[in-house]
$ cat final_10.pdb   # PDB, C-alpha atoms, pLDDT in the B column
ATOM      1  CA  MET A  19      -6.777 -12.060  13.288  1.00 61.00           C
ATOM      2  CA  HIS A  20      -5.201  -8.718  14.242  1.00 81.00           C
ATOM      3  CA  ALA A  21      -4.258  -6.334  11.432  1.00 85.00           C
ATOM      4  CA  PHE A  22      -0.581  -6.504  12.318  1.00 86.00           C
ATOM      5  CA  ASP A  23      -0.649 -10.287  12.110  1.00 89.00           C
ATOM      6  CA  ILE A  24      -1.829  -9.888   8.525  1.00 89.00           C
ATOM      7  CA  LEU A  25       0.572  -7.066   7.682  1.00 91.00           C
ATOM      8  CA  GLY A  26       3.521  -8.756   9.373  1.00 93.00           C
ATOM      9  CA  ASP A  27       4.056 -10.898   6.295  1.00 96.00           C
ATOM     10  CA  PRO A  28       6.124  -9.178   3.558  1.00 96.00           C
ATOM     11  CA  VAL A  29       4.270 -10.988   0.769  1.00 97.00           C
ATOM     12  CA  ARG A  30       0.896  -9.755   1.997  1.00 97.00           C
ATOM     13  CA  ARG A  31       2.261  -6.232   2.426  1.00 96.00           C
ATOM     14  CA  ARG A  32       3.543  -6.328  -1.160  1.00 97.00           C
ATOM     15  CA  ILE A  33       0.186  -7.567  -2.420  1.00 97.00           C
ATOM     16  CA  LEU A  34      -1.507  -4.630  -0.719  1.00 96.00           C
ATOM     17  CA  GLU A  35       1.063  -2.251  -2.253  1.00 96.00           C
ATOM     18  CA  VAL A  36       0.275  -3.633  -5.703  1.00 96.00           C
ATOM     19  CA  LEU A  37      -3.455  -3.296  -5.104  1.00 97.00           C
ATOM     20  CA  ALA A  38      -3.077   0.202  -3.656  1.00 95.00           C
ATOM     21  CA  GLU A  39      -1.979   1.357  -7.112  1.00 95.00           C
ATOM     22  CA  ASP A  40      -5.055  -0.107  -8.806  1.00 95.00           C
ATOM     23  CA  GLU A  41      -7.242  -3.167  -8.672  1.00 96.00           C
ATOM     24  CA  ALA A  42      -5.689  -6.207 -10.312  1.00 97.00           C
ATOM     25  CA  SER A  43      -6.519  -9.740 -11.281  1.00 96.00           C
ATOM     26  CA  ALA A  44      -5.234 -12.618  -9.214  1.00 95.00           C
ATOM     27  CA  GLY A  45      -2.935 -13.494 -12.116  1.00 95.00           C
ATOM     28  CA  GLN A  46      -1.461  -9.988 -12.268  1.00 96.00           C
ATOM     29  CA  VAL A  47      -0.831 -10.016  -8.524  1.00 97.00           C
ATOM     30  CA  ALA A  48       0.696 -13.483  -8.754  1.00 96.00           C
ATOM     31  CA  ASP A  49       3.041 -12.393 -11.561  1.00 96.00           C
ATOM     32  CA  VAL A  50       4.424  -9.517  -9.476  1.00 96.00           C
ATOM     33  CA  VAL A  51       4.733 -11.485  -6.252  1.00 97.00           C
ATOM     34  CA  ARG A  52       6.204 -14.581  -7.887  1.00 96.00           C
ATOM     35  CA  ALA A  53       8.846 -12.469  -9.633  1.00 96.00           C
ATOM     36  CA  GLU A  54       9.822 -10.682  -6.421  1.00 96.00           C
ATOM     37  CA  PHE A  55       9.527 -13.484  -3.866  1.00 96.00           C
ATOM     38  CA  GLY A  56       9.934 -16.618  -5.943  1.00 96.00           C
ATOM     39  CA  ILE A  57       6.851 -18.307  -4.523  1.00 96.00           C
ATOM     40  CA  SER A  58       4.318 -20.436  -6.371  1.00 94.00           C
ATOM     41  CA  GLN A  59       0.984 -19.278  -7.732  1.00 93.00           C
ATOM     42  CA  PRO A  60      -0.895 -21.424  -5.180  1.00 95.00           C
ATOM     43  CA  ALA A  61       1.073 -19.722  -2.387  1.00 96.00           C
ATOM     44  CA  VAL A  62       0.095 -16.306  -3.757  1.00 96.00           C
ATOM     45  CA  SER A  63      -3.525 -17.480  -3.886  1.00 95.00           C
ATOM     46  CA  GLN A  64      -3.292 -18.445  -0.204  1.00 96.00           C
ATOM     47  CA  HIS A  65      -2.053 -14.955   0.689  1.00 96.00           C
ATOM     48  CA  LEU A  66      -4.879 -13.412  -1.330  1.00 97.00           C
ATOM     49  CA  ARG A  67      -7.338 -15.625   0.537  1.00 96.00           C
ATOM     50  CA  VAL A  68      -5.945 -14.531   3.921  1.00 96.00           C
ATOM     51  CA  LEU A  69      -6.215 -10.873   2.903  1.00 96.00           C
ATOM     52  CA  ARG A  70      -9.769 -11.378   1.635  1.00 96.00           C
ATOM     53  CA  GLU A  71     -10.939 -13.290   4.709  1.00 94.00           C
ATOM     54  CA  ALA A  72      -9.395 -10.692   7.020  1.00 93.00           C
ATOM     55  CA  GLY A  73     -11.243  -7.936   5.142  1.00 93.00           C
ATOM     56  CA  PHE A  74      -8.189  -6.240   3.624  1.00 95.00           C
ATOM     57  CA  THR A  75      -9.286  -6.891   0.055  1.00 96.00           C
ATOM     58  CA  THR A  76     -12.436  -7.312  -1.927  1.00 96.00           C
ATOM     59  CA  VAL A  77     -12.802  -9.644  -4.874  1.00 96.00           C
ATOM     60  CA  ARG A  78     -15.228  -9.680  -7.743  1.00 96.00           C
ATOM     61  CA  ALA A  79     -15.654 -12.017 -10.648  1.00 95.00           C
ATOM     62  CA  GLU A  80     -15.070 -10.697 -14.132  1.00 94.00           C
ATOM     63  CA  GLY A  81     -15.659 -13.604 -16.454  1.00 94.00           C
ATOM     64  CA  THR A  82     -13.191 -16.278 -15.371  1.00 94.00           C
ATOM     65  CA  ARG A  83     -10.907 -13.762 -13.669  1.00 95.00           C
ATOM     66  CA  ARG A  84     -10.987 -12.661 -10.047  1.00 95.00           C
ATOM     67  CA  ILE A  85     -10.318  -8.947  -9.601  1.00 97.00           C
ATOM     68  CA  TYR A  86      -8.912  -7.833  -6.247  1.00 97.00           C
ATOM     69  CA  ALA A  87      -8.934  -4.369  -4.692  1.00 97.00           C
ATOM     70  CA  VAL A  88      -7.824  -2.911  -1.361  1.00 96.00           C
ATOM     71  CA  ARG A  89     -10.552  -2.428   1.208  1.00 93.00           C
ATOM     72  CA  ALA A  90      -9.381   0.738   2.928  1.00 88.00           C
ATOM     73  CA  GLU A  91     -11.668   0.309   5.937  1.00 89.00           C
ATOM     74  CA  ALA A  92      -9.559  -2.615   7.118  1.00 86.00           C
ATOM     75  CA  LEU A  93      -6.554  -0.314   7.434  1.00 88.00           C
ATOM     76  CA  HIS A  94      -8.449   1.847   9.936  1.00 87.00           C
ATOM     77  CA  GLU A  95      -7.268  -0.345  12.827  1.00 85.00           C
ATOM     78  CA  VAL A  96      -3.653   0.228  11.781  1.00 86.00           C
ATOM     79  CA  ASP A  97      -4.280   3.956  11.390  1.00 88.00           C
ATOM     80  CA  GLU A  98      -5.751   4.171  14.886  1.00 88.00           C
ATOM     81  CA  TRP A  99      -2.832   2.271  16.384  1.00 85.00           C
ATOM     82  CA  LEU A 100      -0.355   4.642  14.722  1.00 86.00           C
ATOM     83  CA  THR A 101      -2.077   7.788  16.037  1.00 89.00           C
ATOM     84  CA  PRO A 102       0.058   8.214  19.198  1.00 90.00           C
ATOM     85  CA  PHE A 103       3.248   7.732  17.163  1.00 89.00           C
ATOM     86  CA  ARG A 104       2.502  10.397  14.560  1.00 86.00           C
ATOM     87  CA  ARG A 105       3.989  13.044  16.839  1.00 89.00           C
ATOM     88  CA  PHE A 106       7.404  11.576  16.056  1.00 88.00           C
ATOM     89  CA  TRP A 107       7.280  12.187  12.314  1.00 87.00           C
ATOM     90  CA  GLU A 108       4.595  14.784  11.592  1.00 87.00           C
ATOM     91  CA  PRO A 109       6.726  17.779  12.684  1.00 86.00           C
ATOM     92  CA  ARG A 110       9.599  16.521  10.527  1.00 88.00           C
ATOM     93  CA  LEU A 111       7.311  16.077   7.537  1.00 89.00           C
ATOM     94  CA  ALA A 112       5.922  19.578   8.048  1.00 89.00           C
ATOM     95  CA  ALA A 113       9.472  20.954   8.183  1.00 91.00           C
ATOM     96  CA  LEU A 114      10.353  19.063   5.016  1.00 91.00           C
ATOM     97  CA  GLU A 115       7.289  20.475   3.271  1.00 92.00           C
ATOM     98  CA  THR A 116       8.376  23.983   4.291  1.00 93.00           C
ATOM     99  CA  GLU A 117      11.895  23.414   2.946  1.00 94.00           C
ATOM    100  CA  ILE A 118      10.577  22.064  -0.349  1.00 94.00           C
ATOM    101  CA  ALA A 119       8.296  25.066  -0.749  1.00 93.00           C
ATOM    102  CA  ARG A 120      11.189  27.402   0.110  1.00 93.00           C
ATOM    103  CA  GLY A 121      13.406  25.705  -2.474  1.00 92.00           C
ATOM    104  CA  LYS A 122      10.726  26.024  -5.164  1.00 93.00           C
ATOM    105  CA  ARG A 123      10.235  29.686  -4.310  1.00 92.00           C
ATOM    106  CA  ASP A 124      13.987  30.342  -4.470  1.00 90.00           C
ATOM    107  CA  ARG A 125      14.258  28.596  -7.865  1.00 91.00           C
ATOM    108  CA  ARG A 126      11.355  30.663  -9.228  1.00 90.00           C
ATOM    109  CA  ARG A 127      13.031  33.860  -8.048  1.00 89.00           C
ATOM    110  CA  THR A 128      16.326  32.832  -9.622  1.00 88.00           C
ATOM    111  CA  GLN A 129      14.600  32.045 -12.916  1.00 89.00           C
ATOM    112  CA  GLU A 130      12.694  35.332 -12.864  1.00 87.00           C
ATOM    113  CA  GLU A 131      15.916  37.258 -12.249  1.00 84.00           C
ATOM    114  CA  SER A 132      17.662  35.540 -15.183  1.00 77.00           C
TER     115      SER A 132
END
$ encode --input "final_10.pdb" --output "structure tokens"
Amino acid sequence: MHAFDILGDPVRRRILEVLAEDEASAGQVADVVRAEFGISQPAVSQHLRVLREAGFTTVRAEGTRRIYAVRAEALHEVDEWLTPFRRFWEPRLAALETEIARGKRDRRRTQEES
């Protein structure tokens, strides 16, 4: 299955967002996803299975719990696909970074003058 087929589903994207913050048990993931999407725990388990089988997550047993984590290597395909499009936003992000730095510098100068 292609990475974008996996990531095309908003529930699976949200699961990856949750796991990008820190590893989590299946129950913790289910609590977040069920609250936001109103789907059942078995449905969340199916999404976790798809992510695991596609290589986007790892799972390990910790007693009776299953702990999931993002497998960053799986996102490499997405990163490669995005490479030609980075030219559209990288200059804008660099300009934003410059403006933020300029604003911080100006605030420091104002504070020092006060």
$ axis_aligned_box --input "final_10.pdb" --around "stretch 46-51 of chain A" --padding-each-side "4 Å" --output "AutoDock Vina command-line options"
--center_x 1.6 --center_y -11.5 --center_z -9.3 --size_x 14.2 --size_y 12.0 --size_z 14.0
$ atom_distance --input "final_10.pdb" --atom1 "atom CA of A:Ile24" --atom2 "atom CA of A:Ala53"
21.2 Å
$ resolve_selection --input "final_10.pdb" --expression "the PyMOL selection byres ((chain A and resi 34-44) around 10)" --output "PyMOL selection string"
chain A and resi 25+28-33+45-51+59+62-63+66+69+74-80+83-90
$ closest_residue --input "final_10.pdb" --among "A:Ala72, A:Arg104, A:Glu54, A:Glu130" --to "A:Asp23" --atoms "only C-alpha atoms"
A:Ala72
$ closest_residue --input "final_10.pdb" --among "A:Leu100, A:Leu93, A:Ala113, A:Ala21" --to "A:Val68" --atoms "all atoms listed in the file"
A:Ala21
$ atom_distance --input "final_10.pdb" --atom1 "atom CA of A:Arg67" --atom2 "atom CA of A:Ala92"
14.7 Å
$ atom_distance --input "final_10.pdb" --atom1 "atom CA of A:Asp124" --atom2 "atom CA of A:Trp107"
25.6 Å
$ build_atoms --input "final_10.pdb" --residues "stretch 77-95 of chain A" --atoms "N, CA and C atoms" --output "compact mmCIF listing (two decimals), keeping the file's coordinate frame"
# COMPACT_ATOMS: atom_id res chain seq x y z
N VAL A 77 -13.00 -8.91 -3.63
CA VAL A 77 -12.80 -9.64 -4.87
C VAL A 77 -14.13 -9.69 -5.61
N ARG A 78 -14.04 -9.55 -6.92
CA ARG A 78 -15.23 -9.68 -7.74
C ARG A 78 -14.87 -10.50 -8.98
N ALA A 79 -15.86 -11.20 -9.45
CA ALA A 79 -15.65 -12.02 -10.65
C ALA A 79 -15.84 -11.15 -11.88
N GLU A 80 -14.96 -11.35 -12.83
CA GLU A 80 -15.07 -10.70 -14.13
C GLU A 80 -14.79 -11.78 -15.17
N GLY A 81 -15.83 -12.43 -15.61
CA GLY A 81 -15.66 -13.60 -16.45
C GLY A 81 -15.02 -14.70 -15.63
N THR A 82 -13.90 -15.23 -16.11
CA THR A 82 -13.19 -16.28 -15.37
C THR A 82 -12.13 -15.70 -14.44
N ARG A 83 -11.94 -14.41 -14.50
CA ARG A 83 -10.91 -13.76 -13.67
C ARG A 83 -11.49 -13.30 -12.35
N ARG A 84 -10.63 -13.22 -11.35
CA ARG A 84 -10.99 -12.66 -10.05
C ARG A 84 -10.20 -11.36 -9.89
N ILE A 85 -10.93 -10.26 -9.70
CA ILE A 85 -10.32 -8.95 -9.60
C ILE A 85 -10.29 -8.53 -8.13
N TYR A 86 -9.11 -8.22 -7.65
CA TYR A 86 -8.91 -7.83 -6.25
C TYR A 86 -8.70 -6.33 -6.12
N ALA A 87 -9.13 -5.78 -5.00
CA ALA A 87 -8.93 -4.37 -4.69
C ALA A 87 -8.72 -4.24 -3.19
N VAL A 88 -8.03 -3.18 -2.79
CA VAL A 88 -7.82 -2.91 -1.36
C VAL A 88 -9.14 -2.45 -0.75
N ARG A 89 -9.41 -2.89 0.43
CA ARG A 89 -10.55 -2.43 1.21
C ARG A 89 -9.99 -1.52 2.30
N ALA A 90 -10.04 -0.24 2.07
CA ALA A 90 -9.38 0.74 2.93
C ALA A 90 -9.88 0.70 4.37
N GLU A 91 -11.12 0.34 4.58
CA GLU A 91 -11.67 0.31 5.94
C GLU A 91 -10.87 -0.61 6.85
N ALA A 92 -10.32 -1.66 6.31
CA ALA A 92 -9.56 -2.62 7.12
C ALA A 92 -8.28 -1.99 7.66
N LEU A 93 -7.78 -0.98 6.99
CA LEU A 93 -6.55 -0.31 7.43
C LEU A 93 -6.82 0.69 8.55
N HIS A 94 -8.09 0.90 8.87
CA HIS A 94 -8.45 1.85 9.94
C HIS A 94 -7.85 1.44 11.28
N GLU A 95 -7.84 0.15 11.57
CA GLU A 95 -7.27 -0.34 12.83
C GLU A 95 -5.78 0.02 12.92
